[in-house]
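Asks: start31.csv is the file, holding CSV, C-alpha atoms:
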```csv
chain,number,residue,atom,x,y,z
A,1,MET,CA,279.0,-37.0,67.7
A,2,ALA,CA,277.1,-34.4,65.9
A,3,ASN,CA,273.6,-35.3,65.0
A,4,SER,CA,272.1,-34.9,61.5
A,5,THR,CA,270.7,-31.4,62.2
A,6,VAL,CA,274.0,-30.1,63.5
A,7,THR,CA,275.9,-31.7,60.6
A,8,SER,CA,273.4,-30.2,58.1
A,9,TYR,CA,273.8,-26.8,59.5
A,10,ALA,CA,277.6,-27.2,59.6
A,11,GLU,CA,277.6,-28.2,56.0
A,12,ALA,CA,275.4,-25.2,55.1
A,13,LEU,CA,277.7,-22.8,57.0
A,14,PHE,CA,280.7,-24.4,55.3
A,15,ALA,CA,279.2,-24.1,51.9
A,16,ILE,CA,278.2,-20.4,52.4
A,17,ALA,CA,281.6,-19.5,53.8
A,18,ALA,CA,283.3,-21.3,51.0
A,19,ALA,CA,281.0,-19.6,48.4
A,20,GLU,CA,281.8,-16.2,49.9
A,21,GLY,CA,285.5,-17.1,49.4
A,22,ASP,CA,286.5,-16.3,53.0
A,23,LEU,CA,286.3,-19.7,54.7
A,24,ASN,CA,289.3,-19.5,57.0
A,25,ALA,CA,288.4,-16.1,58.4
A,26,VAL,CA,284.7,-16.9,58.8
A,27,GLU,CA,285.6,-20.2,60.4
A,28,GLU,CA,287.9,-18.5,62.9
A,29,GLU,CA,285.3,-15.8,63.7
A,30,LEU,CA,282.6,-18.4,64.2
A,31,PHE,CA,284.9,-20.4,66.4
A,32,GLN,CA,285.7,-17.4,68.6
A,33,PHE,CA,282.0,-16.4,68.8
A,34,ALA,CA,281.2,-20.0,69.8
A,35,GLN,CA,283.8,-19.8,72.6
A,36,ALA,CA,282.3,-16.5,73.8
A,37,PHE,CA,278.8,-18.0,73.6
A,38,ARG,CA,279.9,-21.1,75.6
A,39,SER,CA,281.6,-19.1,78.3
A,40,ASN,CA,279.0,-16.3,78.7
A,41,ASN,CA,275.8,-17.6,80.2
A,42,GLU,CA,274.0,-14.4,79.8
A,43,LEU,CA,274.7,-14.3,76.1
A,44,SER,CA,273.8,-17.9,75.5
A,45,SER,CA,270.6,-17.7,77.5
A,46,THR,CA,269.5,-14.5,75.8
A,47,LEU,CA,270.1,-15.8,72.3
A,48,ALA,CA,268.4,-19.1,73.1
A,49,ASP,CA,265.4,-17.6,74.8
A,50,GLN,CA,262.4,-18.3,72.6
A,51,THR,CA,260.3,-15.7,74.4
A,52,VAL,CA,262.6,-13.0,73.1
A,53,PRO,CA,261.6,-12.0,69.6
A,54,VAL,CA,263.9,-13.2,66.9
A,55,SER,CA,264.5,-9.7,65.7
A,56,GLY,CA,265.6,-8.7,69.1
A,57,ARG,CA,268.0,-11.6,69.4
A,58,GLN,CA,269.4,-11.0,65.9
A,59,GLN,CA,269.8,-7.3,66.9
A,60,VAL,CA,271.9,-8.5,69.8
A,61,VAL,CA,274.1,-10.5,67.5
A,62,GLU,CA,274.6,-7.6,65.1
A,63,ASP,CA,275.4,-5.3,68.0
A,64,LEU,CA,278.0,-7.7,69.3
A,65,LEU,CA,279.7,-8.5,65.9
A,66,ASN,CA,279.4,-5.2,64.2
A,67,GLY,CA,282.8,-4.0,63.3
A,68,LYS,CA,284.4,-7.1,64.9
A,69,ALA,CA,283.5,-9.8,62.4
A,70,SER,CA,282.9,-10.1,58.7
A,71,ALA,CA,279.4,-9.5,57.3
A,72,THR,CA,279.3,-13.2,56.4
A,73,THR,CA,280.0,-14.3,60.0
A,74,THR,CA,277.4,-11.9,61.3
A,75,ALA,CA,274.8,-13.1,58.8
A,76,LEU,CA,275.5,-16.8,59.6
A,77,VAL,CA,275.1,-16.2,63.3
A,78,SER,CA,271.9,-14.2,62.8
A,79,MET,CA,270.6,-17.0,60.6
A,80,LEU,CA,271.2,-19.6,63.3
A,81,VAL,CA,269.6,-17.4,66.0
A,82,GLY,CA,266.7,-16.7,63.7
A,83,ALA,CA,266.3,-20.5,63.0
A,84,GLY,CA,266.1,-21.1,66.7
A,85,ARG,CA,269.4,-23.0,66.7
A,86,ALA,CA,271.3,-20.8,69.1
A,87,ALA,CA,271.5,-23.5,71.7
A,88,GLU,CA,273.3,-25.8,69.1
A,89,LEU,CA,275.6,-23.0,67.9
A,90,PRO,CA,278.8,-24.3,69.6
A,91,ALA,CA,278.2,-27.8,68.3
A,92,ILE,CA,277.4,-26.5,64.8
A,93,VAL,CA,280.6,-24.4,64.7
A,94,GLU,CA,282.6,-27.3,66.1
A,95,ALA,CA,281.3,-29.5,63.3
A,96,LEU,CA,282.0,-26.7,60.8
A,97,VAL,CA,285.6,-26.5,62.0
A,98,GLU,CA,286.0,-30.2,61.7
A,99,ARG,CA,284.4,-30.2,58.3
A,100,SER,CA,286.7,-27.4,57.1
A,101,ALA,CA,289.8,-29.1,58.4
A,102,ALA,CA,288.6,-32.4,56.8
A,103,SER,CA,288.4,-30.6,53.5
A,104,ARG,CA,292.1,-29.9,53.9
A,105,ASN,CA,292.7,-33.5,55.1
A,106,LYS,CA,293.4,-32.4,58.6
A,107,ASP,CA,292.0,-33.0,62.1
A,108,VAL,CA,291.2,-30.3,64.6
A,109,ALA,CA,293.4,-30.0,67.7
A,110,THR,CA,291.7,-27.8,70.3
A,111,VAL,CA,294.2,-26.2,72.6
A,112,ARG,CA,293.0,-24.6,75.9
A,113,SER,CA,295.4,-22.2,77.5
A,114,VAL,CA,295.4,-19.0,79.5
A,115,VAL,CA,296.9,-17.0,76.6
A,116,ASP,CA,296.7,-17.3,72.9
A,117,LEU,CA,299.4,-19.1,71.1
A,118,THR,CA,301.7,-17.4,68.7
A,119,ALA,CA,301.8,-18.6,65.1
A,120,ASP,CA,305.1,-20.1,65.7
A,121,GLN,CA,303.9,-22.0,68.7
A,122,LYS,CA,300.9,-23.2,66.8
A,123,ASP,CA,303.1,-24.5,64.0
A,124,ARG,CA,305.5,-26.2,66.4
A,125,LEU,CA,302.7,-27.7,68.3
A,126,ALA,CA,301.0,-29.0,65.1
A,127,THR,CA,304.3,-30.5,64.1
A,128,ALA,CA,304.8,-32.1,67.5
A,129,ILE,CA,301.3,-33.5,67.4
A,130,ASN,CA,301.8,-34.8,63.9
A,131,ILE,CA,304.9,-36.6,65.0
A,132,ARG,CA,303.2,-37.9,68.1
A,133,THR,CA,299.9,-39.1,66.7
A,134,GLY,CA,300.6,-39.2,62.9
A,135,LYS,CA,297.7,-36.8,62.3
A,136,ALA,CA,298.0,-33.5,60.5
A,137,VAL,CA,296.1,-31.1,62.7
A,138,GLU,CA,294.9,-27.5,62.7
A,139,ILE,CA,295.3,-25.7,66.0
A,140,LYS,CA,292.2,-24.0,67.5
A,141,VAL,CA,293.0,-22.1,70.7
A,142,VAL,CA,290.4,-21.7,73.4
A,143,ILE,CA,291.2,-19.2,76.2
A,144,ASP,CA,290.6,-20.9,79.5
A,145,PRO,CA,291.8,-19.3,82.7
A,146,THR,CA,291.1,-22.4,84.7
A,147,VAL,CA,294.1,-24.0,83.0
A,148,LEU,CA,296.3,-21.6,85.0
A,149,GLY,CA,299.3,-22.2,82.8
A,150,GLY,CA,300.6,-24.4,80.0
A,151,ALA,CA,298.0,-26.0,77.7
A,152,VAL,CA,295.6,-28.9,77.2
A,153,THR,CA,295.2,-30.3,73.7
A,154,GLN,CA,292.4,-32.5,72.6
A,155,ILE,CA,292.5,-34.3,69.3
A,156,GLY,CA,289.4,-36.4,69.0
A,157,ASP,CA,289.3,-38.6,72.1
A,158,GLU,CA,293.0,-38.1,72.9
A,159,ILE,CA,293.9,-35.5,75.4
A,160,ILE,CA,297.5,-34.2,76.0
A,161,ASP,CA,297.4,-32.3,79.3
A,162,GLY,CA,300.4,-30.2,80.2
A,163,SER,CA,298.6,-27.6,82.3
A,164,VAL,CA,299.6,-26.2,85.7
A,165,ARG,CA,296.1,-27.2,86.8
A,166,ARG,CA,297.0,-30.9,86.2
A,167,ARG,CA,300.1,-30.6,88.1
A,168,LEU,CA,298.3,-28.9,91.0
A,169,ASN,CA,295.8,-31.8,90.9
A,170,GLN,CA,298.6,-34.3,90.9
A,171,LEU,CA,300.0,-32.5,93.9
A,172,ARG,CA,296.6,-32.6,95.6
A,173,GLU,CA,296.3,-36.3,94.9
A,174,SER,CA,299.8,-36.9,96.3
A,175,PHE,CA,298.7,-35.3,99.6
A,176,ARG,CA,295.9,-37.8,100.0
B,1,MET,CA,240.8,-119.8,178.4
B,2,ARG,CA,238.0,-119.4,180.9
B,3,ASN,CA,238.4,-122.9,182.2
B,4,ARG,CA,242.1,-122.4,182.7
B,5,ARG,CA,241.5,-119.2,184.6
B,6,THR,CA,238.8,-120.9,186.7
B,7,ARG,CA,241.2,-123.7,187.6
B,8,LEU,CA,243.9,-121.3,188.5
B,9,LEU,CA,241.6,-119.5,190.9
B,10,ALA,CA,240.1,-122.7,192.3
B,11,ALA,CA,243.5,-124.2,193.3
B,12,PRO,CA,244.5,-121.5,195.9
B,13,LEU,CA,240.9,-121.2,197.1
B,14,LEU,CA,240.7,-124.9,197.7
B,15,THR,CA,244.0,-124.8,199.5
B,16,MET,CA,242.9,-122.0,201.8
B,17,LEU,CA,239.6,-123.9,202.5
B,18,CYS,CA,241.5,-127.0,203.5
B,19,VAL,CA,243.8,-125.0,205.8
B,20,LEU,CA,240.8,-123.3,207.5
B,21,ALA,CA,238.9,-126.6,207.8
B,22,PHE,CA,241.8,-128.4,209.4
B,23,ALA,CA,243.0,-125.5,211.5
B,24,GLY,CA,240.3,-125.9,214.1
B,25,PRO,CA,241.3,-129.3,215.5
B,26,ALA,CA,244.9,-128.3,215.4
B,27,GLN,CA,244.3,-125.3,217.6
B,28,ALA,CA,242.2,-127.3,219.9
B,29,SER,CA,244.9,-129.9,220.4
B,30,GLY,CA,247.5,-127.2,221.2
B,31,GLU,CA,245.4,-126.0,224.3
B,32,SER,CA,245.2,-122.4,225.5
B,33,VAL,CA,246.7,-121.1,228.8
B,34,GLY,CA,243.4,-121.0,230.4
B,35,ALA,CA,242.5,-124.5,229.3
B,36,CYS,CA,245.9,-125.6,230.5
B,37,MET,CA,245.4,-124.0,233.9
B,38,ALA,CA,241.9,-125.4,234.2
B,39,GLU,CA,243.1,-128.9,233.3
B,40,HIS,CA,245.8,-128.7,235.9
B,41,LEU,CA,243.5,-127.3,238.5
B,42,GLU,CA,241.1,-130.2,237.8
B,43,GLU,CA,243.8,-132.7,238.1
B,44,LEU,CA,245.0,-131.1,241.3
B,45,VAL,CA,241.5,-131.0,242.7
B,46,ASP,CA,241.1,-134.7,241.9
B,47,GLN,CA,244.5,-135.5,243.6
B,48,HIS,CA,243.4,-133.7,246.7
B,49,ASP,CA,240.0,-135.2,246.8
B,50,GLY,CA,238.1,-132.3,245.6
B,51,ASP,CA,239.5,-130.0,248.2
B,52,LEU,CA,239.7,-126.8,246.1
B,53,HIS,CA,240.7,-124.6,249.0
B,54,HIS,CA,243.7,-126.7,249.8
B,55,VAL,CA,244.7,-126.8,246.2
B,56,LEU,CA,244.5,-123.0,246.0
B,57,HIS,CA,246.7,-122.6,249.0
B,58,ASP,CA,249.2,-125.2,248.0
B,59,GLU,CA,252.6,-123.8,247.0
B,60,HIS,CA,253.1,-126.5,244.3
B,61,VAL,CA,250.0,-125.5,242.6
B,62,GLN,CA,251.5,-122.3,241.5
B,63,ASP,CA,254.5,-124.1,240.1
B,64,GLU,CA,252.2,-126.4,238.2
B,65,LEU,CA,250.1,-123.6,236.8
B,66,GLU,CA,253.2,-121.7,235.8
B,67,LYS,CA,254.0,-124.6,233.6
B,68,CYS,CA,251.0,-123.5,231.5
B,69,PHE,CA,252.9,-120.3,230.7
B,70,GLU,CA,255.9,-122.2,229.3
B,71,ALA,CA,256.2,-121.9,225.4
B,72,PRO,CA,255.6,-125.0,223.3
B,73,ASN,CA,258.5,-126.6,221.3
B,74,PRO,CA,259.3,-124.2,218.5
B,75,ILE,CA,260.5,-127.0,216.2
B,76,LEU,CA,258.3,-130.0,216.8
B,77,PRO,CA,254.6,-129.3,216.6
B,78,GLU,CA,252.0,-131.3,218.4
B,79,THR,CA,251.4,-134.8,217.1
B,80,THR,CA,247.8,-134.1,216.2
B,81,GLU,CA,248.9,-131.1,214.4
B,82,ILE,CA,251.4,-133.1,212.4
B,83,ILE,CA,248.7,-135.6,211.6
B,84,TRP,CA,246.2,-133.1,210.5
B,85,GLY,CA,248.8,-131.1,208.7
B,86,GLY,CA,250.2,-134.1,206.9
B,87,ALA,CA,246.8,-135.2,205.9
B,88,ALA,CA,246.0,-131.7,204.6
B,89,PHE,CA,249.3,-131.6,202.8
B,90,LEU,CA,248.6,-134.9,201.2
B,91,ILE,CA,245.1,-133.9,200.2
B,92,LEU,CA,246.4,-130.7,198.9
B,93,PHE,CA,249.3,-132.3,197.2
B,94,VAL,CA,247.0,-134.8,195.5
B,95,VAL,CA,244.6,-132.1,194.5
B,96,MET,CA,247.5,-130.0,193.2
B,97,VAL,CA,249.0,-133.0,191.3
B,98,LYS,CA,245.7,-134.0,189.8
B,99,LYS,CA,244.1,-130.6,189.1
B,100,GLY,CA,246.4,-127.7,189.9
B,101,PHE,CA,249.6,-128.8,188.3
B,102,PRO,CA,248.0,-129.8,184.9
B,103,ALA,CA,246.1,-126.5,184.9
B,104,VAL,CA,249.2,-124.6,185.8
B,105,LYS,CA,251.2,-126.6,183.3
B,106,GLY,CA,248.6,-126.0,180.6
B,107,ALA,CA,248.5,-122.4,181.4
B,108,MET,CA,252.3,-122.2,181.4
B,109,ASP,CA,252.4,-124.2,178.1
B,110,ALA,CA,249.8,-121.9,176.7
B,111,ARG,CA,251.6,-119.0,178.0
B,112,ALA,CA,254.9,-120.3,176.7
B,113,GLU,CA,253.2,-121.0,173.4
B,114,LYS,CA,251.7,-117.6,173.3
B,115,ILE,CA,255.0,-116.1,174.2
B,116,ARG,CA,256.8,-118.2,171.6
B,117,SER,CA,254.2,-117.2,169.0
B,118,ASP,CA,254.5,-113.6,170.1
B,119,LEU,CA,258.2,-113.9,169.9
B,120,ASP,CA,257.9,-115.5,166.5
B,121,ALA,CA,255.5,-112.7,165.5
B,122,ALA,CA,257.9,-110.2,167.0
B,123,ASP,CA,260.7,-111.8,165.1
B,124,GLN,CA,258.7,-111.8,162.0
B,125,ALA,CA,257.7,-108.2,162.6
B,126,LYS,CA,261.3,-107.4,163.4
B,127,ALA,CA,262.4,-109.2,160.2
B,128,ASP,CA,259.7,-107.3,158.3
B,129,ALA,CA,260.7,-104.1,159.9
B,130,LEU,CA,264.3,-104.8,159.1
B,131,ALA,CA,263.3,-105.6,155.5
B,132,VAL,CA,261.3,-102.5,155.3
B,133,GLN,CA,264.2,-100.6,156.9
B,134,ALA,CA,266.6,-102.2,154.5
B,135,ASP,CA,264.3,-101.4,151.6
B,136,TYR,CA,263.9,-97.9,153.0
B,137,GLU,CA,267.6,-97.5,153.5
B,138,ALA,CA,268.2,-98.8,150.0
B,139,ARG,CA,265.7,-96.4,148.6
B,140,LEU,CA,267.1,-93.7,150.7
B,141,ALA,CA,270.6,-94.6,149.4
B,142,ASP,CA,269.2,-94.7,145.9
B,143,ALA,CA,267.5,-91.3,146.4
B,144,LYS,CA,270.7,-89.9,147.9
B,145,SER,CA,272.7,-91.3,145.0
B,146,GLU,CA,270.2,-90.0,142.5
B,147,ALA,CA,270.1,-86.6,144.3
B,148,SER,CA,273.9,-86.6,144.3
B,149,ARG,CA,274.0,-87.5,140.6
B,150,LEU,CA,271.4,-84.8,139.8
B,151,ILE,CA,273.4,-82.3,141.8
B,152,ASP,CA,276.6,-83.4,140.0
B,153,GLU,CA,274.8,-83.1,136.7
B,154,ALA,CA,273.4,-79.8,137.5
B,155,ARG,CA,276.7,-78.6,138.8
B,156,GLY,CA,278.4,-79.9,135.7
B,157,ALA,CA,275.7,-78.3,133.5
B,158,ALA,CA,276.1,-75.0,135.4
B,159,ASP,CA,279.8,-75.2,135.1
B,160,GLN,CA,279.4,-75.8,131.3
B,161,VAL,CA,277.0,-73.0,131.0
B,162,LYS,CA,279.3,-70.8,133.0
B,163,ALA,CA,282.2,-71.8,130.8
B,164,ASP,CA,280.2,-71.2,127.6
B,165,LEU,CA,279.1,-67.8,128.9
B,166,MET,CA,282.6,-66.9,129.9
B,167,MET,CA,283.9,-68.0,126.5
B,168,ARG,CA,281.2,-66.2,124.6
B,169,HIS,CA,281.7,-63.1,126.8
B,170,GLU,CA,285.4,-63.2,126.2
B,171,ALA,CA,284.9,-63.7,122.5
B,172,GLU,CA,282.5,-60.8,122.4
B,173,MET,CA,284.8,-58.6,124.4
B,174,ALA,CA,287.7,-59.6,122.0
B,175,ASP,CA,285.5,-58.8,119.0
B,176,GLN,CA,284.4,-55.5,120.5
B,177,ARG,CA,288.0,-54.6,121.3
B,178,GLU,CA,289.0,-55.6,117.8
B,179,ARG,CA,286.2,-53.6,116.3
B,180,ALA,CA,287.0,-50.7,118.6
B,181,ALA,CA,290.6,-50.8,117.5
B,182,VAL,CA,289.6,-51.0,113.9
B,183,GLU,CA,287.2,-48.1,114.3
B,184,ILE,CA,289.8,-46.1,116.2
B,185,GLU,CA,292.4,-46.8,113.6
B,186,SER,CA,289.9,-46.0,110.8
B,187,ALA,CA,288.9,-42.8,112.6
B,188,ARG,CA,292.5,-41.9,113.1
B,189,ALA,CA,293.3,-42.6,109.5
B,190,GLN,CA,290.3,-40.7,108.4
B,191,ALA,CA,291.2,-37.8,110.6
B,192,ILE,CA,294.7,-37.8,109.2
B,193,ALA,CA,293.4,-38.0,105.7
B,194,ASP,CA,290.9,-35.2,106.3
B,195,LEU,CA,293.6,-33.1,107.9
B,196,ARG,CA,296.0,-33.8,105.1
B,197,ALA,CA,293.4,-33.0,102.5
B,198,GLU,CA,292.4,-29.8,104.3
B,199,VAL,CA,296.1,-28.8,104.6
B,200,ALA,CA,296.6,-29.7,100.9
B,201,GLU,CA,293.5,-27.7,99.9
B,202,ILE,CA,294.8,-24.8,101.9
B,203,ALA,CA,298.3,-25.1,100.5
B,204,LEU,CA,297.1,-25.7,96.9
B,205,GLY,CA,294.6,-22.8,97.1
B,206,ALA,CA,297.4,-20.6,98.2
B,207,ALA,CA,299.7,-22.0,95.5
B,208,GLU,CA,296.9,-21.5,92.9
B,209,ARG,CA,296.5,-17.9,94.0
B,210,VAL,CA,300.2,-17.4,93.8
B,211,VAL,CA,300.4,-19.0,90.4
B,212,GLN,CA,297.5,-17.0,89.1
B,213,SER,CA,299.1,-13.7,90.3
B,214,SER,CA,302.7,-14.6,89.2
B,215,LEU,CA,302.2,-16.1,85.8
B,216,ASP,CA,302.3,-13.2,83.4
B,217,ALA,CA,302.2,-13.4,79.6
B,218,GLU,CA,305.9,-14.0,79.3
B,219,VAL,CA,305.8,-16.9,81.7
B,220,GLN,CA,302.7,-18.3,80.1
B,221,GLY,CA,304.5,-18.2,76.7
B,222,ARG,CA,307.4,-20.1,78.3
B,223,LEU,CA,305.1,-22.6,79.8
B,224,ILE,CA,303.5,-23.2,76.4
B,225,ASP,CA,306.9,-23.6,74.8
B,226,ALA,CA,307.8,-26.1,77.5
B,227,TYR,CA,304.5,-27.8,76.8
B,228,ILE,CA,305.3,-28.0,73.1
B,229,ASP,CA,308.7,-29.4,74.0
B,230,GLU,CA,307.1,-31.9,76.3
B,231,VAL,CA,304.8,-33.1,73.5
B,232,THR,CA,307.7,-33.2,71.1
B,233,GLY,CA,310.0,-34.9,73.6
B,234,SER,CA,307.4,-37.6,74.4
B,235,ASN,CA,307.5,-38.6,70.8
B,236,GLY,CA,310.9,-40.0,70.9
```
Represent the structure of the file as structure tokens.

Replies:
Amino acid sequence: MANSTVTSYAEALFAIAAAEGDLNAVEEELFQFAQAFRSNNELSSTLADQTVPVSGRQQVVEDLLNGKASATTTALVSMLVGAGRAAELPAIVEALVERSAASRNKDVATVRSVVDLTADQKDRLATAINIRTGKAVEIKVVIDPTVLGGAVTQIGDEIIDGSVRRRLNQLRESFR
Amino acid sequence: MRNRRTRLLAAPLLTMLCVLAFAGPAQASGESVGACMAEHLEELVDQHDGDLHHVLHDEHVQDELEKCFEAPNPILPETTEIIWGGAAFLILFVVMVKKGFPAVKGAMDARAEKIRSDLDAADQAKADALAVQADYEARLADAKSEASRLIDEARGAADQVKADLMMRHEAEMADQRERAAVEIESARAQAIADLRAEVAEIALGAAERVVQSSLDAEVQGRLIDAYIDEVTGSNG
């Protein structure tokens, strides 16, 4: 559960993105950056390193996102790094995504797979989840090679695992 | 005691004295050969009127003198000897009856009494000895019985200890065998499990590498479609 600081920053990001009128795009860009931040230790350690000057860390952000993300997204990430909240960036973005989905009366379904899902696959999966759980969800895809194949979906505390990794693990357990 | 001994000594001495005292006259009355010859010669000389020469040449003188060499009667002593001997016997008999016999009887009685008393004492000592022996034998029997009992008890205790030790040893051996069997079975199961896990890891590692290399984007898309179908299918 997000703490008050994370929630406050998520609310701020939500308000800014909404004010800029590009909430969905900013939300998606922040989500993708958060995944990169989480999977890249060098990036996360650099942006969270307090010994590195703020300007230097913000320059790293601008260099990474220049031309790849909107100006709003770049500014929001620079703001978080400048405020010394780089370590909490994934949690803040996660709270932002949930907040954004909640504004549309939906929950977030995080899907981890080796490849990105097509729009059709996302729609069909959202429908299937809605039928299964009764929840209207928005699909957020996280590229995770460790899944090997298939996908793993998490909605809140519920996990639907249809990955090749799970089947290999089941096979491993059956050998024991 | 001393009087009795004195009387016992006095009786034979007195008897000997009497014999010696009366022996002289008896011998004298028996006459020696010389005296006999002298008496015959004197009688012959008297018969021939004192003519000694004639007597000496007379042939009958030799016969008379030879009578002196003839032995006296071996059965019947001389009369005087009978008289003296009878008197001495009577005197001796009286003395013996009056003095010797009571002394001898007293000594014999005393001796008999002493022997009886000694026999009684011996009997008593024998009885005491027998009693002591019986007591000793009884104690010896008791001791033997006690020793036998103690030996039996010790043997029984030793047998019990031996049986207990054997039972304990067998129980320990059985327990050790059981533990060893359990450990062996556990080790075998663990070895099999380890081997199986290792084989599984090797196989799964290989399978994972094969999956990673063989799952292209198209296959991944089909896997996601299958996943969506699985989620959809699980609903109904």

Asks: Considering only C-alpha atoms, extract the chain B residues located within 8 Å of chain A and return them as JSON, numbers by chain.

Replies: {"B": [193, 196, 197, 200, 201, 204, 208, 211, 212, 215, 217, 220, 221, 223, 224, 225, 226, 227, 228, 230, 231, 232, 234, 235]}

Asks: What gap, in Å, lies between atom CA of Glu153 of chain B and atom CA of Met173 of chain B?

Replies: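 For atom CA of Glu153 of chain B relative to atom CA of Met173 of chain B, the distance reads 29.2 Å.
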
Asks: Rounded to one decimal place, report the atom CA of Val61 of chain A-atom CA of Leu80 of chain A distance in Å.

Replies: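 We find that atom CA of Val61 of chain A and atom CA of Leu80 of chain A lie 10.4 Å from each other.
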
Asks: Within 9 Å of Asn105 of chain A, counting only C-alpha atoms, which residues qualify if same-chain residues fewer than 5 places away don't, as a list in words?

Replies: Ser100, Ala136 and Val137 of chain A

Asks: Counting all atoms listed in the file, which of A:Val142, A:Ala25, A:Ala102, A:Ile155 gets nearest to Ser70 of chain A?

Replies: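 Checking each candidate against Ser70 of chain A, we get A:Ala25 as the closest.
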
Asks: So what do you get for atom CA of Glu88 of chain A versus atom CA of Ser39 of chain A, distance-wise?

Replies: 14.1 Å

Asks: For a quick check of your reading of the model, name the residues lying within 10 Å of the coordinate (248.8, -125.5, 233.8), counting all atoms listed in the file, and write them as a PDB file with C-alpha atoms, keeping the file's coordinate frame.

Replies:
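Output (selection_11.pdb):
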```pdb
ATOM      1  CA  SER B  32     245.200-122.400 225.500  1.00  0.00           C
ATOM      2  CA  VAL B  33     246.700-121.100 228.800  1.00  0.00           C
ATOM      3  CA  GLY B  34     243.400-121.000 230.400  1.00  0.00           C
ATOM      4  CA  ALA B  35     242.500-124.500 229.300  1.00  0.00           C
ATOM      5  CA  CYS B  36     245.900-125.600 230.500  1.00  0.00           C
ATOM      6  CA  MET B  37     245.400-124.000 233.900  1.00  0.00           C
ATOM      7  CA  ALA B  38     241.900-125.400 234.200  1.00  0.00           C
ATOM      8  CA  GLU B  39     243.100-128.900 233.300  1.00  0.00           C
ATOM      9  CA  HIS B  40     245.800-128.700 235.900  1.00  0.00           C
ATOM     10  CA  LEU B  41     243.500-127.300 238.500  1.00  0.00           C
ATOM     11  CA  GLU B  42     241.100-130.200 237.800  1.00  0.00           C
ATOM     12  CA  GLU B  43     243.800-132.700 238.100  1.00  0.00           C
ATOM     13  CA  VAL B  61     250.000-125.500 242.600  1.00  0.00           C
ATOM     14  CA  GLN B  62     251.500-122.300 241.500  1.00  0.00           C
ATOM     15  CA  ASP B  63     254.500-124.100 240.100  1.00  0.00           C
ATOM     16  CA  GLU B  64     252.200-126.400 238.200  1.00  0.00           C
ATOM     17  CA  LEU B  65     250.100-123.600 236.800  1.00  0.00           C
ATOM     18  CA  GLU B  66     253.200-121.700 235.800  1.00  0.00           C
ATOM     19  CA  LYS B  67     254.000-124.600 233.600  1.00  0.00           C
ATOM     20  CA  CYS B  68     251.000-123.500 231.500  1.00  0.00           C
ATOM     21  CA  PHE B  69     252.900-120.300 230.700  1.00  0.00           C
ATOM     22  CA  GLU B  70     255.900-122.200 229.300  1.00  0.00           C
TER      23      GLU B  70
END
```

Asks: Quick one: of A:Gly56, A:Gly84, A:Gly67, A:Pro90, who's nearest to Leu30 of chain A, counting only C-alpha atoms?

Replies: A:Pro90

Asks: Nearest to Leu76 of chain A among A:Ile159, A:Val111, A:Ala91, A:Leu13, with distances taken over all atoms listed in the file: which residue is it?

Replies: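 Of A:Ile159, A:Val111, A:Ala91, A:Leu13, the one nearest Leu76 of chain A is A:Leu13, counting all atoms listed in the file.
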
Asks: List the neighbours of segment 34-37 of chain A out to 12 Å using all atoms listed in the file; skip same-chain residues closer than 4 positions along the sequence, and give me the result as a PyMOL selection string.

Replies: chain A and resi 26-30+41-48+61+64-65+73+77+80-81+86-97+110+112+140-144
